[in-house]
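> Provided herewith: my_file03.cif, mmCIF, N, CA and C atoms.
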```
data_query
#
loop_
_atom_site.group_PDB
_atom_site.id
_atom_site.type_symbol
_atom_site.label_atom_id
_atom_site.label_comp_id
_atom_site.auth_asym_id
_atom_site.auth_seq_id
_atom_site.Cartn_x
_atom_site.Cartn_y
_atom_site.Cartn_z
ATOM 1 N N PHE A 248 -2.791 3.770 13.377
ATOM 2 C CA PHE A 248 -2.224 2.830 12.420
ATOM 3 C C PHE A 248 -1.357 1.788 13.116
ATOM 4 N N GLU A 249 -0.417 2.264 13.954
ATOM 5 C CA GLU A 249 0.497 1.326 14.627
ATOM 6 C C GLU A 249 -0.257 0.352 15.523
ATOM 7 N N LYS A 250 -1.254 0.848 16.237
ATOM 8 C CA LYS A 250 -2.034 -0.031 17.127
ATOM 9 C C LYS A 250 -2.806 -1.075 16.312
ATOM 10 N N LEU A 251 -3.434 -0.629 15.238
ATOM 11 C CA LEU A 251 -4.178 -1.556 14.376
ATOM 12 C C LEU A 251 -3.243 -2.584 13.767
ATOM 13 N N LYS A 252 -2.107 -2.160 13.274
ATOM 14 C CA LYS A 252 -1.131 -3.079 12.678
ATOM 15 C C LYS A 252 -0.650 -4.091 13.714
ATOM 16 N N GLU A 253 -0.377 -3.620 14.912
ATOM 17 C CA GLU A 253 0.073 -4.504 15.985
ATOM 18 C C GLU A 253 -0.990 -5.558 16.307
ATOM 19 N N GLU A 254 -2.252 -5.142 16.349
ATOM 20 C CA GLU A 254 -3.350 -6.080 16.608
ATOM 21 C C GLU A 254 -3.458 -7.127 15.492
ATOM 22 N N LEU A 255 -3.338 -6.687 14.255
ATOM 23 C CA LEU A 255 -3.438 -7.607 13.123
ATOM 24 C C LEU A 255 -2.310 -8.639 13.134
ATOM 25 N N LEU A 256 -1.119 -8.205 13.534
ATOM 26 C CA LEU A 256 0.047 -9.086 13.505
ATOM 27 C C LEU A 256 0.203 -9.947 14.758
ATOM 28 N N SER A 257 -0.628 -9.711 15.766
ATOM 29 C CA SER A 257 -0.473 -10.487 16.995
ATOM 30 C C SER A 257 -0.734 -11.966 16.727
ATOM 31 N N LYS A 258 -0.025 -12.813 17.423
ATOM 32 C CA LYS A 258 -0.135 -14.261 17.201
ATOM 33 C C LYS A 258 -1.531 -14.784 17.518
ATOM 34 N N GLU A 259 -2.221 -14.163 18.461
ATOM 35 C CA GLU A 259 -3.549 -14.638 18.854
ATOM 36 C C GLU A 259 -4.602 -14.326 17.798
ATOM 37 N N THR A 260 -4.471 -13.183 17.135
ATOM 38 C CA THR A 260 -5.529 -12.746 16.230
ATOM 39 C C THR A 260 -5.053 -12.486 14.806
ATOM 40 N N PHE A 261 -3.926 -13.041 14.403
ATOM 41 C CA PHE A 261 -3.338 -12.686 13.107
ATOM 42 C C PHE A 261 -4.364 -12.713 11.984
ATOM 43 N N SER A 262 -4.437 -11.609 11.279
ATOM 44 C CA SER A 262 -5.270 -11.498 10.086
ATOM 45 C C SER A 262 -4.761 -10.327 9.263
ATOM 46 N N LEU A 263 -5.106 -10.308 7.996
ATOM 47 C CA LEU A 263 -4.745 -9.188 7.150
ATOM 48 C C LEU A 263 -5.890 -8.182 7.153
ATOM 49 N N PHE A 264 -5.542 -6.929 7.070
ATOM 50 C CA PHE A 264 -6.512 -5.841 7.136
ATOM 51 C C PHE A 264 -7.563 -5.958 6.038
ATOM 52 N N LYS A 265 -8.796 -5.689 6.405
ATOM 53 C CA LYS A 265 -9.907 -5.595 5.451
ATOM 54 C C LYS A 265 -10.719 -4.375 5.865
ATOM 55 N N ASP A 266 -10.832 -3.427 4.973
ATOM 56 C CA ASP A 266 -11.508 -2.163 5.259
ATOM 57 C C ASP A 266 -13.019 -2.363 5.240
ATOM 58 N N ASP A 267 -13.663 -2.148 6.381
ATOM 59 C CA ASP A 267 -15.118 -2.302 6.481
ATOM 60 C C ASP A 267 -15.861 -1.279 5.620
ATOM 61 N N LYS A 268 -15.230 -0.114 5.399
ATOM 62 C CA LYS A 268 -15.890 0.949 4.635
ATOM 63 C C LYS A 268 -15.653 0.819 3.134
ATOM 64 N N PHE A 269 -14.740 -0.048 2.724
ATOM 65 C CA PHE A 269 -14.415 -0.244 1.307
ATOM 66 C C PHE A 269 -14.109 -1.718 1.077
ATOM 67 N N PRO A 270 -15.090 -2.592 1.348
ATOM 68 C CA PRO A 270 -14.832 -4.027 1.221
ATOM 69 C C PRO A 270 -14.649 -4.447 -0.234
ATOM 70 N N PRO A 271 -13.782 -5.419 -0.480
ATOM 71 C CA PRO A 271 -13.536 -5.854 -1.856
ATOM 72 C C PRO A 271 -14.793 -6.365 -2.553
ATOM 73 N N GLU A 272 -15.743 -6.884 -1.811
ATOM 74 C CA GLU A 272 -16.964 -7.407 -2.417
ATOM 75 C C GLU A 272 -17.772 -6.301 -3.092
ATOM 76 N N ASP A 273 -17.650 -5.059 -2.619
ATOM 77 C CA ASP A 273 -18.420 -3.946 -3.164
ATOM 78 C C ASP A 273 -17.878 -3.430 -4.493
ATOM 79 N N LEU A 274 -16.768 -3.962 -4.954
ATOM 80 C CA LEU A 274 -16.166 -3.478 -6.194
ATOM 81 C C LEU A 274 -16.828 -4.073 -7.429
ATOM 82 N N GLY A 275 -17.669 -5.051 -7.235
ATOM 83 C CA GLY A 275 -18.378 -5.652 -8.357
ATOM 84 C C GLY A 275 -17.552 -6.713 -9.054
ATOM 85 N N GLU A 276 -18.072 -7.166 -10.173
ATOM 86 C CA GLU A 276 -17.439 -8.254 -10.910
ATOM 87 C C GLU A 276 -16.261 -7.801 -11.762
ATOM 88 N N LYS A 277 -16.125 -6.499 -12.031
ATOM 89 C CA LYS A 277 -15.060 -6.001 -12.901
ATOM 90 C C LYS A 277 -13.684 -6.100 -12.252
ATOM 91 N N VAL A 278 -13.630 -6.092 -10.934
ATOM 92 C CA VAL A 278 -12.361 -6.043 -10.220
ATOM 93 C C VAL A 278 -12.157 -7.313 -9.415
ATOM 94 N N GLU A 279 -11.001 -7.920 -9.583
ATOM 95 C CA GLU A 279 -10.635 -9.078 -8.768
ATOM 96 C C GLU A 279 -9.602 -8.610 -7.751
ATOM 97 N N TRP A 280 -9.964 -8.652 -6.482
ATOM 98 C CA TRP A 280 -9.118 -8.153 -5.405
ATOM 99 C C TRP A 280 -8.093 -9.212 -5.034
ATOM 100 N N ARG A 281 -6.816 -8.854 -5.064
ATOM 101 C CA ARG A 281 -5.754 -9.794 -4.698
ATOM 102 C C ARG A 281 -4.755 -9.126 -3.768
ATOM 103 N N ARG A 282 -4.121 -9.924 -2.968
ATOM 104 C CA ARG A 282 -3.044 -9.450 -2.100
ATOM 105 C C ARG A 282 -1.737 -9.490 -2.887
ATOM 106 N N PRO A 283 -0.775 -8.666 -2.529
ATOM 107 C CA PRO A 283 0.501 -8.615 -3.268
ATOM 108 C C PRO A 283 1.188 -9.968 -3.408
ATOM 109 N N PHE A 284 1.132 -10.797 -2.373
ATOM 110 C CA PHE A 284 1.801 -12.104 -2.427
ATOM 111 C C PHE A 284 1.074 -13.085 -3.347
ATOM 112 N N GLU A 285 -0.130 -12.759 -3.758
ATOM 113 C CA GLU A 285 -0.842 -13.568 -4.748
ATOM 114 C C GLU A 285 -0.420 -13.197 -6.171
ATOM 115 N N LEU A 286 0.254 -12.073 -6.309
ATOM 116 C CA LEU A 286 0.697 -11.598 -7.622
ATOM 117 C C LEU A 286 2.179 -11.830 -7.874
ATOM 118 N N ARG A 287 2.974 -11.766 -6.818
ATOM 119 C CA ARG A 287 4.433 -11.891 -6.941
ATOM 120 C C ARG A 287 4.976 -12.647 -5.735
ATOM 121 N N ASP A 288 6.068 -13.364 -5.934
ATOM 122 C CA ASP A 288 6.704 -14.069 -4.815
ATOM 123 C C ASP A 288 7.332 -13.095 -3.834
ATOM 124 N N SER A 289 7.923 -12.048 -4.343
ATOM 125 C CA SER A 289 8.606 -11.069 -3.493
ATOM 126 C C SER A 289 8.173 -9.648 -3.855
ATOM 127 N N PRO A 290 6.962 -9.246 -3.453
ATOM 128 C CA PRO A 290 6.530 -7.888 -3.774
ATOM 129 C C PRO A 290 7.402 -6.860 -3.052
ATOM 130 N N ALA A 291 7.509 -5.685 -3.629
ATOM 131 C CA ALA A 291 8.315 -4.617 -3.023
ATOM 132 C C ALA A 291 7.494 -3.341 -2.999
ATOM 133 N N PHE A 292 7.530 -2.665 -1.883
ATOM 134 C CA PHE A 292 6.854 -1.374 -1.761
ATOM 135 C C PHE A 292 7.562 -0.380 -2.671
ATOM 136 N N PHE A 293 8.885 -0.369 -2.603
ATOM 137 C CA PHE A 293 9.744 0.393 -3.518
ATOM 138 C C PHE A 293 10.979 -0.443 -3.783
ATOM 139 N N LYS A 294 11.483 -0.368 -4.988
ATOM 140 C CA LYS A 294 12.683 -1.106 -5.354
ATOM 141 C C LYS A 294 13.607 -0.161 -6.098
ATOM 142 N N ASP A 295 14.819 -0.023 -5.615
ATOM 143 C CA ASP A 295 15.801 0.857 -6.251
ATOM 144 C C ASP A 295 15.316 2.299 -6.325
ATOM 145 N N GLY A 296 14.725 2.790 -5.251
ATOM 146 C CA GLY A 296 14.272 4.174 -5.219
ATOM 147 C C GLY A 296 12.871 4.352 -5.779
ATOM 148 N N VAL A 297 12.456 5.606 -5.869
ATOM 149 C CA VAL A 297 11.107 5.940 -6.288
ATOM 150 C C VAL A 297 11.168 6.817 -7.537
ATOM 151 N N THR A 298 10.347 6.486 -8.536
ATOM 152 C CA THR A 298 10.233 7.343 -9.714
ATOM 153 C C THR A 298 8.762 7.512 -10.053
ATOM 154 N N ARG A 299 8.469 8.467 -10.918
ATOM 155 C CA ARG A 299 7.076 8.695 -11.318
ATOM 156 C C ARG A 299 6.511 7.530 -12.111
ATOM 157 N N PHE A 300 7.379 6.662 -12.624
ATOM 158 C CA PHE A 300 6.922 5.514 -13.400
ATOM 159 C C PHE A 300 6.542 4.318 -12.523
ATOM 160 N N ASP A 301 6.774 4.421 -11.220
ATOM 161 C CA ASP A 301 6.442 3.332 -10.302
ATOM 162 C C ASP A 301 4.942 3.233 -10.024
ATOM 163 N N VAL A 302 4.234 4.320 -10.194
ATOM 164 C CA VAL A 302 2.823 4.374 -9.853
ATOM 165 C C VAL A 302 1.997 4.138 -11.110
ATOM 166 N N LYS A 303 1.123 3.132 -11.051
ATOM 167 C CA LYS A 303 0.292 2.777 -12.209
ATOM 168 C C LYS A 303 -1.173 2.826 -11.810
ATOM 169 N N GLN A 304 -2.001 3.343 -12.693
ATOM 170 C CA GLN A 304 -3.433 3.384 -12.427
ATOM 171 C C GLN A 304 -4.030 2.012 -12.677
ATOM 172 N N GLY A 305 -4.889 1.610 -11.775
ATOM 173 C CA GLY A 305 -5.580 0.337 -11.924
ATOM 174 C C GLY A 305 -6.988 0.552 -12.435
ATOM 175 N N GLN A 306 -7.865 -0.377 -12.121
ATOM 176 C CA GLN A 306 -9.246 -0.328 -12.590
ATOM 177 C C GLN A 306 -10.171 0.441 -11.658
ATOM 178 N N LEU A 307 -9.644 0.971 -10.572
ATOM 179 C CA LEU A 307 -10.493 1.616 -9.575
ATOM 180 C C LEU A 307 -10.802 3.072 -9.889
ATOM 181 N N GLY A 308 -10.289 3.604 -10.996
ATOM 182 C CA GLY A 308 -10.553 4.996 -11.326
ATOM 183 C C GLY A 308 -9.848 5.947 -10.380
ATOM 184 N N ASP A 309 -8.620 5.633 -10.053
ATOM 185 C CA ASP A 309 -7.873 6.402 -9.065
ATOM 186 C C ASP A 309 -6.816 7.308 -9.709
ATOM 187 N N CYS A 310 -7.145 7.917 -10.855
ATOM 188 C CA CYS A 310 -6.161 8.725 -11.576
ATOM 189 C C CYS A 310 -5.697 9.914 -10.743
ATOM 190 N N TRP A 311 -6.548 10.467 -9.902
ATOM 191 C CA TRP A 311 -6.151 11.591 -9.051
ATOM 192 C C TRP A 311 -5.060 11.166 -8.075
ATOM 193 N N MET A 312 -5.171 9.967 -7.534
ATOM 194 C CA MET A 312 -4.161 9.444 -6.605
ATOM 195 C C MET A 312 -2.857 9.161 -7.348
ATOM 196 N N VAL A 313 -2.956 8.581 -8.525
ATOM 197 C CA VAL A 313 -1.775 8.275 -9.332
ATOM 198 C C VAL A 313 -1.026 9.559 -9.676
ATOM 199 N N ALA A 314 -1.740 10.586 -10.083
ATOM 200 C CA ALA A 314 -1.108 11.860 -10.433
ATOM 201 C C ALA A 314 -0.419 12.486 -9.226
ATOM 202 N N ALA A 315 -1.060 12.449 -8.079
ATOM 203 C CA ALA A 315 -0.469 13.026 -6.864
ATOM 204 C C ALA A 315 0.798 12.270 -6.452
ATOM 205 N N MET A 316 0.743 10.936 -6.468
ATOM 206 C CA MET A 316 1.913 10.141 -6.077
ATOM 207 C C MET A 316 3.057 10.319 -7.073
ATOM 208 N N ALA A 317 2.748 10.384 -8.364
ATOM 209 C CA ALA A 317 3.785 10.587 -9.374
ATOM 210 C C ALA A 317 4.452 11.942 -9.184
ATOM 211 N N SER A 318 3.671 12.973 -8.893
ATOM 212 C CA SER A 318 4.246 14.305 -8.654
ATOM 213 C C SER A 318 5.145 14.311 -7.427
ATOM 214 N N LEU A 319 4.701 13.674 -6.375
ATOM 215 C CA LEU A 319 5.508 13.631 -5.154
ATOM 216 C C LEU A 319 6.811 12.866 -5.337
ATOM 217 N N SER A 320 6.841 11.945 -6.282
ATOM 218 C CA SER A 320 8.045 11.133 -6.476
ATOM 219 C C SER A 320 9.158 11.883 -7.212
ATOM 220 N N LEU A 321 8.845 13.033 -7.800
ATOM 221 C CA LEU A 321 9.877 13.811 -8.488
ATOM 222 C C LEU A 321 10.938 14.266 -7.497
ATOM 223 N N ARG A 322 12.159 14.317 -7.935
ATOM 224 C CA ARG A 322 13.301 14.635 -7.080
ATOM 225 C C ARG A 322 13.088 15.903 -6.257
ATOM 226 N N GLU A 323 12.525 16.930 -6.883
ATOM 227 C CA GLU A 323 12.355 18.205 -6.169
ATOM 228 C C GLU A 323 11.287 18.139 -5.076
ATOM 229 N N HIS A 324 10.490 17.073 -5.063
ATOM 230 C CA HIS A 324 9.464 16.911 -4.035
ATOM 231 C C HIS A 324 9.758 15.760 -3.078
ATOM 232 N N ARG A 325 10.953 15.211 -3.130
ATOM 233 C CA ARG A 325 11.276 14.009 -2.349
ATOM 234 C C ARG A 325 11.016 14.194 -0.849
ATOM 235 N N GLU A 326 11.305 15.364 -0.321
ATOM 236 C CA GLU A 326 11.077 15.603 1.113
ATOM 237 C C GLU A 326 9.591 15.496 1.440
ATOM 238 N N LYS A 327 8.744 16.014 0.581
ATOM 239 C CA LYS A 327 7.296 15.910 0.785
ATOM 240 C C LYS A 327 6.831 14.462 0.648
ATOM 241 N N PHE A 328 7.400 13.746 -0.311
ATOM 242 C CA PHE A 328 7.052 12.340 -0.492
ATOM 243 C C PHE A 328 7.338 11.556 0.794
ATOM 244 N N ASP A 329 8.494 11.794 1.386
ATOM 245 C CA ASP A 329 8.864 11.089 2.611
ATOM 246 C C ASP A 329 7.930 11.434 3.765
ATOM 247 N N GLN A 330 7.334 12.625 3.731
ATOM 248 C CA GLN A 330 6.358 12.991 4.758
ATOM 249 C C GLN A 330 5.029 12.270 4.527
ATOM 250 N N VAL A 331 4.652 12.128 3.264
ATOM 251 C CA VAL A 331 3.369 11.500 2.922
ATOM 252 C C VAL A 331 3.430 9.978 3.060
ATOM 253 N N VAL A 332 4.553 9.392 2.662
ATOM 254 C CA VAL A 332 4.715 7.935 2.669
ATOM 255 C C VAL A 332 5.822 7.559 3.663
ATOM 256 N N PRO A 333 5.467 7.222 4.908
ATOM 257 C CA PRO A 333 6.496 6.843 5.877
ATOM 258 C C PRO A 333 7.357 5.683 5.360
ATOM 259 N N ALA A 334 8.663 5.812 5.503
ATOM 260 C CA ALA A 334 9.618 4.878 4.902
ATOM 261 C C ALA A 334 9.670 3.505 5.572
ATOM 262 N N SER A 335 9.132 3.356 6.744
ATOM 263 C CA SER A 335 9.283 2.107 7.499
ATOM 264 C C SER A 335 8.321 1.004 7.056
ATOM 265 N N GLN A 336 7.647 1.153 5.932
ATOM 266 C CA GLN A 336 6.661 0.173 5.498
ATOM 267 C C GLN A 336 7.240 -0.760 4.446
ATOM 268 N N SER A 337 6.791 -2.010 4.485
ATOM 269 C CA SER A 337 7.317 -2.966 3.521
ATOM 270 C C SER A 337 6.367 -4.163 3.400
ATOM 271 N N PHE A 338 6.745 -5.082 2.522
ATOM 272 C CA PHE A 338 6.024 -6.339 2.371
ATOM 273 C C PHE A 338 6.748 -7.469 3.091
ATOM 274 N N ASN A 339 7.663 -7.136 3.981
ATOM 275 C CA ASN A 339 8.332 -8.144 4.783
ATOM 276 C C ASN A 339 7.245 -8.959 5.476
ATOM 277 N N LYS A 340 7.278 -10.263 5.305
ATOM 278 C CA LYS A 340 6.181 -11.106 5.808
ATOM 279 C C LYS A 340 5.974 -11.001 7.314
ATOM 280 N N ARG A 341 7.006 -10.665 8.050
ATOM 281 C CA ARG A 341 6.834 -10.510 9.502
ATOM 282 C C ARG A 341 6.187 -9.177 9.861
ATOM 283 N N GLU A 342 6.208 -8.214 8.928
ATOM 284 C CA GLU A 342 5.673 -6.880 9.197
ATOM 285 C C GLU A 342 4.433 -6.547 8.368
ATOM 286 N N TYR A 343 4.108 -7.370 7.393
ATOM 287 C CA TYR A 343 2.991 -7.066 6.494
ATOM 288 C C TYR A 343 1.671 -7.486 7.128
ATOM 289 N N ALA A 344 0.775 -6.512 7.281
ATOM 290 C CA ALA A 344 -0.538 -6.773 7.861
ATOM 291 C C ALA A 344 -1.659 -6.429 6.893
ATOM 292 N N GLY A 345 -1.300 -6.188 5.613
ATOM 293 C CA GLY A 345 -2.312 -5.854 4.632
ATOM 294 C C GLY A 345 -2.769 -4.405 4.708
ATOM 295 N N ILE A 346 -1.983 -3.581 5.387
ATOM 296 C CA ILE A 346 -2.370 -2.178 5.585
ATOM 297 C C ILE A 346 -1.107 -1.306 5.478
ATOM 298 N N PHE A 347 -1.281 -0.143 4.894
ATOM 299 C CA PHE A 347 -0.184 0.826 4.804
ATOM 300 C C PHE A 347 -0.676 2.170 5.288
ATOM 301 N N HIS A 348 0.242 2.997 5.728
ATOM 302 C CA HIS A 348 -0.055 4.291 6.314
ATOM 303 C C HIS A 348 0.443 5.401 5.395
ATOM 304 N N PHE A 349 -0.438 6.320 5.056
ATOM 305 C CA PHE A 349 -0.069 7.505 4.275
ATOM 306 C C PHE A 349 -0.556 8.727 5.044
ATOM 307 N N ARG A 350 0.216 9.767 5.021
ATOM 308 C CA ARG A 350 -0.194 11.001 5.730
ATOM 309 C C ARG A 350 -0.707 12.004 4.728
#
```
Go ahead and express the file in the form of structure tokens.

Amino acid sequence: FEKLKEELLSKETFSLFKDDKFPPEDLGEKVEWRRPFELRDSPAFFKDGVTRFDVKQGQLGDCWMVAAMASLSLREHREKFDQVVPASQSFNKREYAGIFHFR
């Protein structure tokens, strides 16, 4: 992850991540793929902590992922959440490469 992110952010080859195995074009006409900065001026990975209400299901049919993330966000599972979602990630424009790391 770190090596890929570093390559994406390098001045010579700067680009945002695009997954070859899950390209946005393969989602069909029902889904319009957008980057966070196309939706909000200042997107936030987390704002004012994490709650189960922060995770919303989209059109991709990812209810299993939403349920898992919501469960991990509960106070009694916070230590596990921090293991699954490394805290050093953000939408800071100098650090955002269009990719995030989850364990």
> Which residues would end up in the selection if the PyMOL selection byres ((chain A and resi 344) around 7) were applied here, given that I need the answer as number ranges by chain?
A: 252, 255-256, 262-264, 340-343, 345-347
> Please dump the current selection as a compact mmCIF listing (two decimals), keeping the file's coordinate frame; keep N, CA and C atoms.

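Contents of out.txt, as written:
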```txt
# COMPACT_ATOMS: atom_id res chain seq x y z
N LYS A 252 -2.11 -2.16 13.27
CA LYS A 252 -1.13 -3.08 12.68
C LYS A 252 -0.65 -4.09 13.71
N LEU A 255 -3.34 -6.69 14.26
CA LEU A 255 -3.44 -7.61 13.12
C LEU A 255 -2.31 -8.64 13.13
N LEU A 256 -1.12 -8.20 13.53
CA LEU A 256 0.05 -9.09 13.50
C LEU A 256 0.20 -9.95 14.76
N SER A 262 -4.44 -11.61 11.28
CA SER A 262 -5.27 -11.50 10.09
C SER A 262 -4.76 -10.33 9.26
N LEU A 263 -5.11 -10.31 8.00
CA LEU A 263 -4.74 -9.19 7.15
C LEU A 263 -5.89 -8.18 7.15
N PHE A 264 -5.54 -6.93 7.07
CA PHE A 264 -6.51 -5.84 7.14
C PHE A 264 -7.56 -5.96 6.04
N LYS A 340 7.28 -10.26 5.30
CA LYS A 340 6.18 -11.11 5.81
C LYS A 340 5.97 -11.00 7.31
N ARG A 341 7.01 -10.66 8.05
CA ARG A 341 6.83 -10.51 9.50
C ARG A 341 6.19 -9.18 9.86
N GLU A 342 6.21 -8.21 8.93
CA GLU A 342 5.67 -6.88 9.20
C GLU A 342 4.43 -6.55 8.37
N TYR A 343 4.11 -7.37 7.39
CA TYR A 343 2.99 -7.07 6.49
C TYR A 343 1.67 -7.49 7.13
N GLY A 345 -1.30 -6.19 5.61
CA GLY A 345 -2.31 -5.85 4.63
C GLY A 345 -2.77 -4.40 4.71
N ILE A 346 -1.98 -3.58 5.39
CA ILE A 346 -2.37 -2.18 5.58
C ILE A 346 -1.11 -1.31 5.48
N PHE A 347 -1.28 -0.14 4.89
CA PHE A 347 -0.18 0.83 4.80
C PHE A 347 -0.68 2.17 5.29
```
> If you apply the PyMOL selection byres ((chain A and resi 331) around 6) to this file, what residues do you get, as an NGL selection string?
:A and (327-330 or 332-333 or 348-350)
> How many Å separate CA of Thr298 (chain A) from atom N of Leu321 (chain A)?
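Separation of CA of Thr298 (chain A) and atom N of Leu321 (chain A): 6.2 Å.
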> Calculate how many Å separate atom N of Gly296 (chain A) from CA of Phe284 (chain A), rounding to one decimal.
19.9 Å
> What is the distance between CA of Ala317 (chain A) and CA of Ser335 (chain A), in Å to one decimal?
19.7 Å
> Write out as a list of chain:residue names the residues lying within 6.5 Å of Trp280 (chain A), counting only N, CA and C atoms and excluding same-chain residues fewer than 2 positions away.
A:Pro271, A:Val278, A:Arg282
> Would you please work out which residue, of A:Thr260, A:Ser318, A:Ala291, A:Glu254, is nearest to Gln336 (chain A) when using only N, CA and C atoms?
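Closest to Gln336 (chain A) of all the choices is A:Ala291.
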> When you count all atoms listed in the file, which of these residues is closest to Arg299 (chain A): A:Glu285, A:Asp266, A:Ser257, A:Leu319?
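The answer is A:Leu319, which sits nearest to Arg299 (chain A).
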> DSSP says alpha helix (DSSP H) for which residues of chain A? Put them as number ranges by chain?
A: 249-256, 283-286, 310-319, 325-331
> Kindly save the residues from that selection, with N, CA and C atoms included, as a tab-separated table (two decimals), in the frame of the given file.

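For reference, out15.tsv as written:
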```
chain	number	residue	atom	x	y	z
A	249	GLU	N	-0.42	2.26	13.95
A	249	GLU	CA	0.50	1.33	14.63
A	249	GLU	C	-0.26	0.35	15.52
A	250	LYS	N	-1.25	0.85	16.24
A	250	LYS	CA	-2.03	-0.03	17.13
A	250	LYS	C	-2.81	-1.08	16.31
A	251	LEU	N	-3.43	-0.63	15.24
A	251	LEU	CA	-4.18	-1.56	14.38
A	251	LEU	C	-3.24	-2.58	13.77
A	252	LYS	N	-2.11	-2.16	13.27
A	252	LYS	CA	-1.13	-3.08	12.68
A	252	LYS	C	-0.65	-4.09	13.71
A	253	GLU	N	-0.38	-3.62	14.91
A	253	GLU	CA	0.07	-4.50	15.98
A	253	GLU	C	-0.99	-5.56	16.31
A	254	GLU	N	-2.25	-5.14	16.35
A	254	GLU	CA	-3.35	-6.08	16.61
A	254	GLU	C	-3.46	-7.13	15.49
A	255	LEU	N	-3.34	-6.69	14.26
A	255	LEU	CA	-3.44	-7.61	13.12
A	255	LEU	C	-2.31	-8.64	13.13
A	256	LEU	N	-1.12	-8.20	13.53
A	256	LEU	CA	0.05	-9.09	13.50
A	256	LEU	C	0.20	-9.95	14.76
A	283	PRO	N	-0.78	-8.67	-2.53
A	283	PRO	CA	0.50	-8.62	-3.27
A	283	PRO	C	1.19	-9.97	-3.41
A	284	PHE	N	1.13	-10.80	-2.37
A	284	PHE	CA	1.80	-12.10	-2.43
A	284	PHE	C	1.07	-13.08	-3.35
A	285	GLU	N	-0.13	-12.76	-3.76
A	285	GLU	CA	-0.84	-13.57	-4.75
A	285	GLU	C	-0.42	-13.20	-6.17
A	286	LEU	N	0.25	-12.07	-6.31
A	286	LEU	CA	0.70	-11.60	-7.62
A	286	LEU	C	2.18	-11.83	-7.87
A	310	CYS	N	-7.14	7.92	-10.86
A	310	CYS	CA	-6.16	8.72	-11.58
A	310	CYS	C	-5.70	9.91	-10.74
A	311	TRP	N	-6.55	10.47	-9.90
A	311	TRP	CA	-6.15	11.59	-9.05
A	311	TRP	C	-5.06	11.17	-8.07
A	312	MET	N	-5.17	9.97	-7.53
A	312	MET	CA	-4.16	9.44	-6.60
A	312	MET	C	-2.86	9.16	-7.35
A	313	VAL	N	-2.96	8.58	-8.52
A	313	VAL	CA	-1.78	8.28	-9.33
A	313	VAL	C	-1.03	9.56	-9.68
A	314	ALA	N	-1.74	10.59	-10.08
A	314	ALA	CA	-1.11	11.86	-10.43
A	314	ALA	C	-0.42	12.49	-9.23
A	315	ALA	N	-1.06	12.45	-8.08
A	315	ALA	CA	-0.47	13.03	-6.86
A	315	ALA	C	0.80	12.27	-6.45
A	316	MET	N	0.74	10.94	-6.47
A	316	MET	CA	1.91	10.14	-6.08
A	316	MET	C	3.06	10.32	-7.07
A	317	ALA	N	2.75	10.38	-8.36
A	317	ALA	CA	3.78	10.59	-9.37
A	317	ALA	C	4.45	11.94	-9.18
A	318	SER	N	3.67	12.97	-8.89
A	318	SER	CA	4.25	14.30	-8.65
A	318	SER	C	5.14	14.31	-7.43
A	319	LEU	N	4.70	13.67	-6.38
A	319	LEU	CA	5.51	13.63	-5.15
A	319	LEU	C	6.81	12.87	-5.34
A	325	ARG	N	10.95	15.21	-3.13
A	325	ARG	CA	11.28	14.01	-2.35
A	325	ARG	C	11.02	14.19	-0.85
A	326	GLU	N	11.30	15.36	-0.32
A	326	GLU	CA	11.08	15.60	1.11
A	326	GLU	C	9.59	15.50	1.44
A	327	LYS	N	8.74	16.01	0.58
A	327	LYS	CA	7.30	15.91	0.78
A	327	LYS	C	6.83	14.46	0.65
A	328	PHE	N	7.40	13.75	-0.31
A	328	PHE	CA	7.05	12.34	-0.49
A	328	PHE	C	7.34	11.56	0.79
A	329	ASP	N	8.49	11.79	1.39
A	329	ASP	CA	8.86	11.09	2.61
A	329	ASP	C	7.93	11.43	3.76
A	330	GLN	N	7.33	12.62	3.73
A	330	GLN	CA	6.36	12.99	4.76
A	330	GLN	C	5.03	12.27	4.53
A	331	VAL	N	4.65	12.13	3.26
A	331	VAL	CA	3.37	11.50	2.92
A	331	VAL	C	3.43	9.98	3.06
```
